[in-house]
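Listing of protein27.pdb; format and content: PDB, C-alpha atoms.
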ATOM      1  CA  MET Q   1       0.000   0.000   0.000  1.00  0.00           C
ATOM      2  CA  THR Q   2       1.408   3.388  -0.969  1.00  0.00           C
ATOM      3  CA  GLN Q   3       0.761   6.273   1.374  1.00  0.00           C
ATOM      4  CA  THR Q   4       1.058   9.905   0.342  1.00  0.00           C
ATOM      5  CA  PHE Q   5       2.833  12.302   2.693  1.00  0.00           C
ATOM      6  CA  THR Q   6       3.248  16.036   2.512  1.00  0.00           C
ATOM      7  CA  THR Q   7       6.794  17.128   1.778  1.00  0.00           C
ATOM      8  CA  SER Q   8       7.328  18.387   5.329  1.00  0.00           C
ATOM      9  CA  ARG Q   9       5.899  15.194   6.863  1.00  0.00           C
ATOM     10  CA  ARG Q  10       8.078  13.059   4.579  1.00  0.00           C
ATOM     11  CA  ALA Q  11      11.153  15.118   5.499  1.00  0.00           C
ATOM     12  CA  LEU Q  12      10.311  14.756   9.191  1.00  0.00           C
ATOM     13  CA  LEU Q  13       9.917  10.979   8.888  1.00  0.00           C
ATOM     14  CA  LEU Q  14      13.078  10.619   6.838  1.00  0.00           C
ATOM     15  CA  GLY Q  15      14.969  12.805   9.291  1.00  0.00           C
ATOM     16  CA  ALA Q  16      13.894  10.504  12.087  1.00  0.00           C
ATOM     17  CA  ALA Q  17      14.937   7.532  10.009  1.00  0.00           C
ATOM     18  CA  ALA Q  18      18.359   9.080   9.549  1.00  0.00           C
ATOM     19  CA  THR Q  19      19.053   8.474  13.206  1.00  0.00           C
ATOM     20  CA  GLY Q  20      18.787   4.725  12.659  1.00  0.00           C
ATOM     21  CA  LEU Q  21      22.396   4.285  11.657  1.00  0.00           C
ATOM     22  CA  ALA Q  22      22.670   0.529  12.024  1.00  0.00           C
ATOM     23  CA  ALA Q  23      21.131  -1.836   9.510  1.00  0.00           C
ATOM     24  CA  CYS Q  24      19.923  -5.304  10.311  1.00  0.00           C
ATOM     25  CA  SER Q  25      21.113  -7.047   7.155  1.00  0.00           C
ATOM     26  CA  SER Q  26      24.669  -8.232   6.767  1.00  0.00           C
ATOM     27  CA  PRO Q  27      26.901  -6.113   4.496  1.00  0.00           C
ATOM     28  CA  GLY Q  28      27.651  -9.156   2.329  1.00  0.00           C
ATOM     29  CA  GLU Q  29      24.002  -9.954   1.558  1.00  0.00           C
ATOM     30  CA  ALA Q  30      23.508  -9.452  -2.160  1.00  0.00           C
ATOM     31  CA  ASP Q  31      20.968 -10.121  -4.866  1.00  0.00           C
ATOM     32  CA  ALA Q  32      21.332 -11.673  -8.299  1.00  0.00           C
ATOM     33  CA  SER Q  33      21.960  -8.338 -10.034  1.00  0.00           C
ATOM     34  CA  GLU Q  34      25.405  -8.258  -8.387  1.00  0.00           C
ATOM     35  CA  ALA Q  35      26.654 -11.566  -9.837  1.00  0.00           C
ATOM     36  CA  GLN Q  36      28.738  -9.837 -12.503  1.00  0.00           C
ATOM     37  CA  TYR Q  37      30.762  -8.153  -9.746  1.00  0.00           C
ATOM     38  CA  ALA Q  38      31.249 -11.206  -7.504  1.00  0.00           C
ATOM     39  CA  ASN Q  39      35.012 -11.266  -8.144  1.00  0.00           C
ATOM     40  CA  SER Q  40      35.514  -7.499  -7.998  1.00  0.00           C
ATOM     41  CA  PRO Q  41      38.711  -6.406  -6.241  1.00  0.00           C
ATOM     42  CA  PHE Q  42      36.540  -3.842  -4.417  1.00  0.00           C
ATOM     43  CA  ARG Q  43      34.962  -6.742  -2.529  1.00  0.00           C
ATOM     44  CA  ARG Q  44      38.363  -7.684  -1.084  1.00  0.00           C
ATOM     45  CA  ILE Q  45      39.190  -4.283   0.432  1.00  0.00           C
ATOM     46  CA  THR Q  46      39.337  -4.489   4.230  1.00  0.00           C
ATOM     47  CA  ASP Q  47      37.441  -2.176   6.546  1.00  0.00           C
ATOM     48  CA  ALA Q  48      40.733  -0.507   7.557  1.00  0.00           C
ATOM     49  CA  GLN Q  49      41.589   0.076   3.895  1.00  0.00           C
ATOM     50  CA  TRP Q  50      38.138   1.599   3.246  1.00  0.00           C
ATOM     51  CA  ARG Q  51      38.627   3.891   6.255  1.00  0.00           C
ATOM     52  CA  ALA Q  52      41.950   5.084   4.793  1.00  0.00           C
ATOM     53  CA  ARG Q  53      40.514   5.562   1.277  1.00  0.00           C
ATOM     54  CA  LEU Q  54      37.363   7.522   2.083  1.00  0.00           C
ATOM     55  CA  PRO Q  55      36.465  10.737   3.926  1.00  0.00           C
ATOM     56  CA  ALA Q  56      34.963   9.885   7.348  1.00  0.00           C
ATOM     57  CA  SER Q  57      31.395  10.795   6.363  1.00  0.00           C
ATOM     58  CA  SER Q  58      31.564   8.705   3.183  1.00  0.00           C
ATOM     59  CA  TYR Q  59      33.150   5.789   5.042  1.00  0.00           C
ATOM     60  CA  ASN Q  60      30.387   5.820   7.672  1.00  0.00           C
ATOM     61  CA  VAL Q  61      27.635   5.809   5.027  1.00  0.00           C
ATOM     62  CA  LEU Q  62      29.173   3.451   2.470  1.00  0.00           C
ATOM     63  CA  ARG Q  63      30.672   0.885   4.833  1.00  0.00           C
ATOM     64  CA  HIS Q  64      28.462   1.142   7.950  1.00  0.00           C
ATOM     65  CA  GLU Q  65      25.100   2.217   6.490  1.00  0.00           C
ATOM     66  CA  ALA Q  66      24.958   5.558   8.283  1.00  0.00           C
ATOM     67  CA  THR Q  67      22.839   8.425   6.930  1.00  0.00           C
ATOM     68  CA  GLU Q  68      23.986  11.974   6.304  1.00  0.00           C
ATOM     69  CA  ARG Q  69      21.876  14.816   7.664  1.00  0.00           C
ATOM     70  CA  PRO Q  70      19.237  16.016   5.192  1.00  0.00           C
ATOM     71  CA  GLY Q  71      19.984  19.207   3.301  1.00  0.00           C
ATOM     72  CA  THR Q  72      23.764  18.952   3.735  1.00  0.00           C
ATOM     73  CA  SER Q  73      24.823  17.527   0.360  1.00  0.00           C
ATOM     74  CA  PRO Q  74      26.155  19.889  -2.305  1.00  0.00           C
ATOM     75  CA  LEU Q  75      24.789  17.361  -4.813  1.00  0.00           C
ATOM     76  CA  ASN Q  76      21.267  18.557  -3.968  1.00  0.00           C
ATOM     77  CA  ASN Q  77      22.060  21.587  -6.141  1.00  0.00           C
ATOM     78  CA  GLU Q  78      23.873  19.704  -8.920  1.00  0.00           C
ATOM     79  CA  HIS Q  79      21.899  20.183 -12.141  1.00  0.00           C
ATOM     80  CA  ARG Q  80      24.498  19.739 -14.882  1.00  0.00           C
ATOM     81  CA  ALA Q  81      24.426  16.907 -17.411  1.00  0.00           C
ATOM     82  CA  GLY Q  82      26.519  13.976 -16.262  1.00  0.00           C
ATOM     83  CA  THR Q  83      26.626  10.825 -14.181  1.00  0.00           C
ATOM     84  CA  PHE Q  84      26.496  10.168 -10.444  1.00  0.00           C
ATOM     85  CA  VAL Q  85      28.967   7.412  -9.533  1.00  0.00           C
ATOM     86  CA  CYS Q  86      29.665   5.440  -6.366  1.00  0.00           C
ATOM     87  CA  LYS Q  87      32.237   7.258  -4.230  1.00  0.00           C
ATOM     88  CA  GLY Q  88      33.698   3.899  -3.187  1.00  0.00           C
ATOM     89  CA  CYS Q  89      34.437   2.391  -6.603  1.00  0.00           C
ATOM     90  CA  ALA Q  90      33.294   4.893  -9.286  1.00  0.00           C
ATOM     91  CA  LEU Q  91      30.621   2.575 -10.722  1.00  0.00           C
ATOM     92  CA  PRO Q  92      28.063   4.727 -12.604  1.00  0.00           C
ATOM     93  CA  LEU Q  93      24.759   4.522 -10.679  1.00  0.00           C
ATOM     94  CA  PHE Q  94      22.482   7.344 -11.895  1.00  0.00           C
ATOM     95  CA  ARG Q  95      22.214   9.595 -14.948  1.00  0.00           C
ATOM     96  CA  SER Q  96      21.608  13.286 -14.261  1.00  0.00           C
ATOM     97  CA  GLN Q  97      18.394  13.317 -16.305  1.00  0.00           C
ATOM     98  CA  THR Q  98      16.781  11.000 -13.707  1.00  0.00           C
ATOM     99  CA  LYS Q  99      17.569  13.340 -10.780  1.00  0.00           C
ATOM    100  CA  TYR Q 100      14.762  15.428  -9.299  1.00  0.00           C
ATOM    101  CA  ASP Q 101      14.032  17.509  -6.195  1.00  0.00           C
ATOM    102  CA  SER Q 102      12.010  15.281  -3.878  1.00  0.00           C
ATOM    103  CA  GLY Q 103      11.880  17.881  -1.107  1.00  0.00           C
ATOM    104  CA  THR Q 104      13.481  15.423   1.330  1.00  0.00           C
ATOM    105  CA  GLY Q 105      16.917  17.022   1.595  1.00  0.00           C
ATOM    106  CA  TRP Q 106      18.777  14.161  -0.112  1.00  0.00           C
ATOM    107  CA  PRO Q 107      19.679  13.746  -3.789  1.00  0.00           C
ATOM    108  CA  SER Q 108      16.838  11.739  -5.343  1.00  0.00           C
ATOM    109  CA  PHE Q 109      16.490   9.859  -8.605  1.00  0.00           C
ATOM    110  CA  TYR Q 110      13.526   8.128 -10.257  1.00  0.00           C
ATOM    111  CA  ASP Q 111      15.627   5.495 -12.044  1.00  0.00           C
ATOM    112  CA  PHE Q 112      19.087   3.922 -11.924  1.00  0.00           C
ATOM    113  CA  ILE Q 113      21.535   2.530 -14.454  1.00  0.00           C
ATOM    114  CA  PRO Q 114      20.598  -1.145 -14.990  1.00  0.00           C
ATOM    115  CA  GLY Q 115      22.842  -3.614 -13.168  1.00  0.00           C
ATOM    116  CA  SER Q 116      24.411  -0.968 -10.929  1.00  0.00           C
ATOM    117  CA  LEU Q 117      22.426  -1.497  -7.715  1.00  0.00           C
ATOM    118  CA  GLY Q 118      21.712  -4.387  -5.358  1.00  0.00           C
ATOM    119  CA  MET Q 119      18.738  -4.412  -2.983  1.00  0.00           C
ATOM    120  CA  LYS Q 120      18.046  -5.848   0.451  1.00  0.00           C
ATOM    121  CA  THR Q 121      15.474  -5.471   3.202  1.00  0.00           C
ATOM    122  CA  ASP Q 122      16.391  -3.085   6.039  1.00  0.00           C
ATOM    123  CA  LEU Q 123      14.508  -3.287   9.361  1.00  0.00           C
ATOM    124  CA  ALA Q 124      16.774  -0.888  11.293  1.00  0.00           C
ATOM    125  CA  ILE Q 125      14.005   1.592  12.174  1.00  0.00           C
ATOM    126  CA  GLY Q 126      11.357  -0.980  13.050  1.00  0.00           C
ATOM    127  CA  PHE Q 127       9.588  -1.452   9.721  1.00  0.00           C
ATOM    128  CA  PRO Q 128      10.776  -2.866   6.406  1.00  0.00           C
ATOM    129  CA  ARG Q 129      12.373  -0.613   3.831  1.00  0.00           C
ATOM    130  CA  THR Q 130      14.308  -1.485   0.702  1.00  0.00           C
ATOM    131  CA  GLU Q 131      17.950  -0.493   1.059  1.00  0.00           C
ATOM    132  CA  TYR Q 132      20.069  -0.289  -2.061  1.00  0.00           C
ATOM    133  CA  HIS Q 133      23.805  -0.437  -2.464  1.00  0.00           C
ATOM    134  CA  CYS Q 134      26.445  -0.334  -5.167  1.00  0.00           C
ATOM    135  CA  ALA Q 135      26.488  -3.681  -6.971  1.00  0.00           C
ATOM    136  CA  ARG Q 136      30.289  -3.632  -7.357  1.00  0.00           C
ATOM    137  CA  CYS Q 137      31.642  -2.627  -3.919  1.00  0.00           C
ATOM    138  CA  LEU Q 138      28.450  -3.214  -1.855  1.00  0.00           C
ATOM    139  CA  GLY Q 139      28.655   0.358  -0.516  1.00  0.00           C
ATOM    140  CA  HIS Q 140      25.397   1.566   1.051  1.00  0.00           C
ATOM    141  CA  GLN Q 141      23.748   4.326  -0.988  1.00  0.00           C
ATOM    142  CA  GLY Q 142      20.245   4.853   0.390  1.00  0.00           C
ATOM    143  CA  HIS Q 143      16.661   3.574   0.311  1.00  0.00           C
ATOM    144  CA  VAL Q 144      14.057   3.297  -2.436  1.00  0.00           C
ATOM    145  CA  PHE Q 145      10.426   4.337  -1.941  1.00  0.00           C
ATOM    146  CA  ASP Q 146       7.276   4.077  -4.048  1.00  0.00           C
ATOM    147  CA  ASP Q 147       6.454   7.805  -4.028  1.00  0.00           C
ATOM    148  CA  GLY Q 148       8.560   9.075  -6.924  1.00  0.00           C
ATOM    149  CA  PRO Q 149       7.548  10.692 -10.200  1.00  0.00           C
ATOM    150  CA  ARG Q 150       6.696   9.080 -13.509  1.00  0.00           C
ATOM    151  CA  PRO Q 151       7.670   7.078 -15.365  1.00  0.00           C
ATOM    152  CA  THR Q 152       8.847   4.682 -12.599  1.00  0.00           C
ATOM    153  CA  GLY Q 153       7.027   5.966  -9.501  1.00  0.00           C
ATOM    154  CA  LYS Q 154      10.231   5.253  -7.541  1.00  0.00           C
ATOM    155  CA  ARG Q 155      12.341   7.556  -5.372  1.00  0.00           C
ATOM    156  CA  TYR Q 156      15.942   6.442  -4.916  1.00  0.00           C
ATOM    157  CA  CYS Q 157      16.825   8.590  -1.924  1.00  0.00           C
ATOM    158  CA  ASN Q 158      20.631   8.723  -1.902  1.00  0.00           C
ATOM    159  CA  ASN Q 159      23.242   9.914   0.544  1.00  0.00           C
ATOM    160  CA  GLY Q 160      25.221  12.603  -1.260  1.00  0.00           C
ATOM    161  CA  VAL Q 161      28.466  11.607   0.498  1.00  0.00           C
ATOM    162  CA  ALA Q 162      28.163   8.171  -1.147  1.00  0.00           C
ATOM    163  CA  LEU Q 163      28.277   9.694  -4.640  1.00  0.00           C
ATOM    164  CA  THR Q 164      30.639  11.644  -6.857  1.00  0.00           C
ATOM    165  CA  PHE Q 165      29.330  13.665  -9.794  1.00  0.00           C
ATOM    166  CA  GLN Q 166      31.096  13.358 -13.152  1.00  0.00           C
ATOM    167  CA  PRO Q 167      30.041  16.099 -15.591  1.00  0.00           C
ATOM    168  CA  ALA Q 168      29.334  15.052 -19.198  1.00  0.00           C
TER     169      ALA Q 168
END
Could the structure of this file be written out as structure tokens, please?
Amino acid sequence: MTQTFTTSRRALLLGAAATGLAACSSPGEADASEAQYANSPFRRITDAQWRARLPASSYNVLRHEATERPGTSPLNNEHRAGTFVCKGCALPLFRSQTKYDSGTGWPSFYDFIPGSLGMKTDLAIGFPRTEYHCARCLGHQGHVFDDGPRPTGKRYCNNGVALTFQPA
């Protein structure tokens, strides 16, 4: 069942959800869309190596499923043509033409590049949500909701610190 929220109510609920920093699924849990990346060298990087490679905020989101505060990402205001890639491994995840302002305070997209994301169920805040992550390095990106615009009706609500923008 899809429920419609006002923008401020949605932002309030998502802000509360942002405090649930721990996820209940194991970081290695993956779906079939990730099979092509099963032998990726990014899957063999240790936690200590990830910590050394990434800024602290990106490390916390990508490797420990934290959530950045809403409204803090410079990518909210990124409107140029280009591609949004995983900050952990540079896998292209979203095209700029699928980005839109959801009013939530996080970069949002209505579609992703096929084969780039894996999904799993997240119960960290007491009810099921669909968490998505980079298919290559398994880095946490955000959650997908059924309240996005046409043509998909999906909202991929992404942590900006988990992405890098590459202009076209």
### Query
Expressed in Å to a single decimal, how great is the separation between atom CA of Q:Pro92 and atom CA of Q:Ala135?
10.2 Å
### Pick from Q:His64, Q:Arg53, Q:His143, Q:Lys120, whichever lies nearest to Q:Trp106 using all atoms listed in the file
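Among the listed residues, the smallest separation from Q:Trp106 belongs to Q:His143.
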### Task
Give the answer as one residue: which of Q:Thr98, Q:Thr104, Q:Ser116, Q:Ser73 has the shortest atom-to-atom distance to Q:Pro151, using all atoms listed in the file?
Q:Thr98
### Message
Report, in Å with one decimal, the straight-line distance from atom CA of Q:Pro74 to atom CA of Q:Arg129.
### Response
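Separating atom CA of Q:Pro74 from atom CA of Q:Arg129 is a distance of 25.5 Å.
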#### Entry: Atomic separation - atom CA of Q:Gly71 relative to atom CA of Q:Pro149, Å
20.2 Å
Going by the chain IDs and residue numbers used in this file, which residues fall under the PyMOL selection byres ((chain Q and resi 95) around 7)? Write them as a CSV table (one decimal) with C-alpha atoms, in the coordinates of the input.
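Contents of out.csv, freshly written:
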chain,number,residue,atom,x,y,z
Q,82,GLY,CA,26.5,14.0,-16.3
Q,83,THR,CA,26.6,10.8,-14.2
Q,84,PHE,CA,26.5,10.2,-10.4
Q,94,PHE,CA,22.5,7.3,-11.9
Q,96,SER,CA,21.6,13.3,-14.3
Q,97,GLN,CA,18.4,13.3,-16.3
Q,98,THR,CA,16.8,11.0,-13.7
Counting all atoms listed in the file, which residues in stretch 41-95 of chain Q sit no more than 9 Å from stretch 159-166 of chain Q? For each one, give the nearest pair of atoms and the distance in Å, sorted by chain then residue number, as JSON lines.
{"residue": "Q:Pro55", "atom": "CA", "partner": "Q:Val161", "partner_atom": "CA", "distance": 8.7}
{"residue": "Q:Ser57", "atom": "CA", "partner": "Q:Val161", "partner_atom": "CA", "distance": 6.6}
{"residue": "Q:Ser58", "atom": "CA", "partner": "Q:Val161", "partner_atom": "CA", "distance": 5.0}
{"residue": "Q:Tyr59", "atom": "CA", "partner": "Q:Ala162", "partner_atom": "CA", "distance": 8.3}
{"residue": "Q:Val61", "atom": "CA", "partner": "Q:Ala162", "partner_atom": "CA", "distance": 6.6}
{"residue": "Q:Leu62", "atom": "CA", "partner": "Q:Ala162", "partner_atom": "CA", "distance": 6.0}
{"residue": "Q:Thr67", "atom": "CA", "partner": "Q:Asn159", "partner_atom": "CA", "distance": 6.6}
{"residue": "Q:Glu68", "atom": "CA", "partner": "Q:Asn159", "partner_atom": "CA", "distance": 6.2}
{"residue": "Q:Arg69", "atom": "CA", "partner": "Q:Asn159", "partner_atom": "CA", "distance": 8.8}
{"residue": "Q:Pro70", "atom": "CA", "partner": "Q:Asn159", "partner_atom": "CA", "distance": 8.7}
{"residue": "Q:Thr72", "atom": "CA", "partner": "Q:Gly160", "partner_atom": "CA", "distance": 8.2}
{"residue": "Q:Ser73", "atom": "CA", "partner": "Q:Gly160", "partner_atom": "CA", "distance": 5.2}
{"residue": "Q:Pro74", "atom": "CA", "partner": "Q:Gly160", "partner_atom": "CA", "distance": 7.4}
{"residue": "Q:Leu75", "atom": "CA", "partner": "Q:Gly160", "partner_atom": "CA", "distance": 6.0}
{"residue": "Q:Asn76", "atom": "CA", "partner": "Q:Gly160", "partner_atom": "CA", "distance": 7.6}
{"residue": "Q:Glu78", "atom": "CA", "partner": "Q:Phe165", "partner_atom": "CA", "distance": 8.2}
{"residue": "Q:Ala81", "atom": "CA", "partner": "Q:Gln166", "partner_atom": "CA", "distance": 8.7}
{"residue": "Q:Gly82", "atom": "CA", "partner": "Q:Gln166", "partner_atom": "CA", "distance": 5.6}
{"residue": "Q:Thr83", "atom": "CA", "partner": "Q:Gln166", "partner_atom": "CA", "distance": 5.2}
{"residue": "Q:Phe84", "atom": "CA", "partner": "Q:Phe165", "partner_atom": "CA", "distance": 4.5}
{"residue": "Q:Val85", "atom": "CA", "partner": "Q:Thr164", "partner_atom": "CA", "distance": 5.3}
{"residue": "Q:Cys86", "atom": "CA", "partner": "Q:Leu163", "partner_atom": "CA", "distance": 4.8}
{"residue": "Q:Lys87", "atom": "CA", "partner": "Q:Leu163", "partner_atom": "CA", "distance": 4.7}
{"residue": "Q:Gly88", "atom": "CA", "partner": "Q:Ala162", "partner_atom": "CA", "distance": 7.3}
{"residue": "Q:Ala90", "atom": "CA", "partner": "Q:Thr164", "partner_atom": "CA", "distance": 7.7}
{"residue": "Q:Leu93", "atom": "CA", "partner": "Q:Leu163", "partner_atom": "CA", "distance": 8.7}
#### Entry: Nearest-residue call for Q:Arg80, choices Q:Lys99, Q:Ser40, Q:Gly139, Q:Thr152, using all atoms listed in the file
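Nearest to Q:Arg80: Q:Lys99.
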### Message
Given only C-alpha atoms as the basis, pick out the residue of Q:Cys134, Q:Val144, Q:Tyr100, Q:Ala52 nearest to Q:Thr121.
### Response
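Residue with the minimum atom-to-atom distance to Q:Thr121: Q:Val144.
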### Message
Taking all atoms listed in the file into account, name the residue in Q:His133, Q:Phe42, Q:Pro107, Q:Ala124 that is nearest to Q:Cys89.
### Response
Q:Phe42
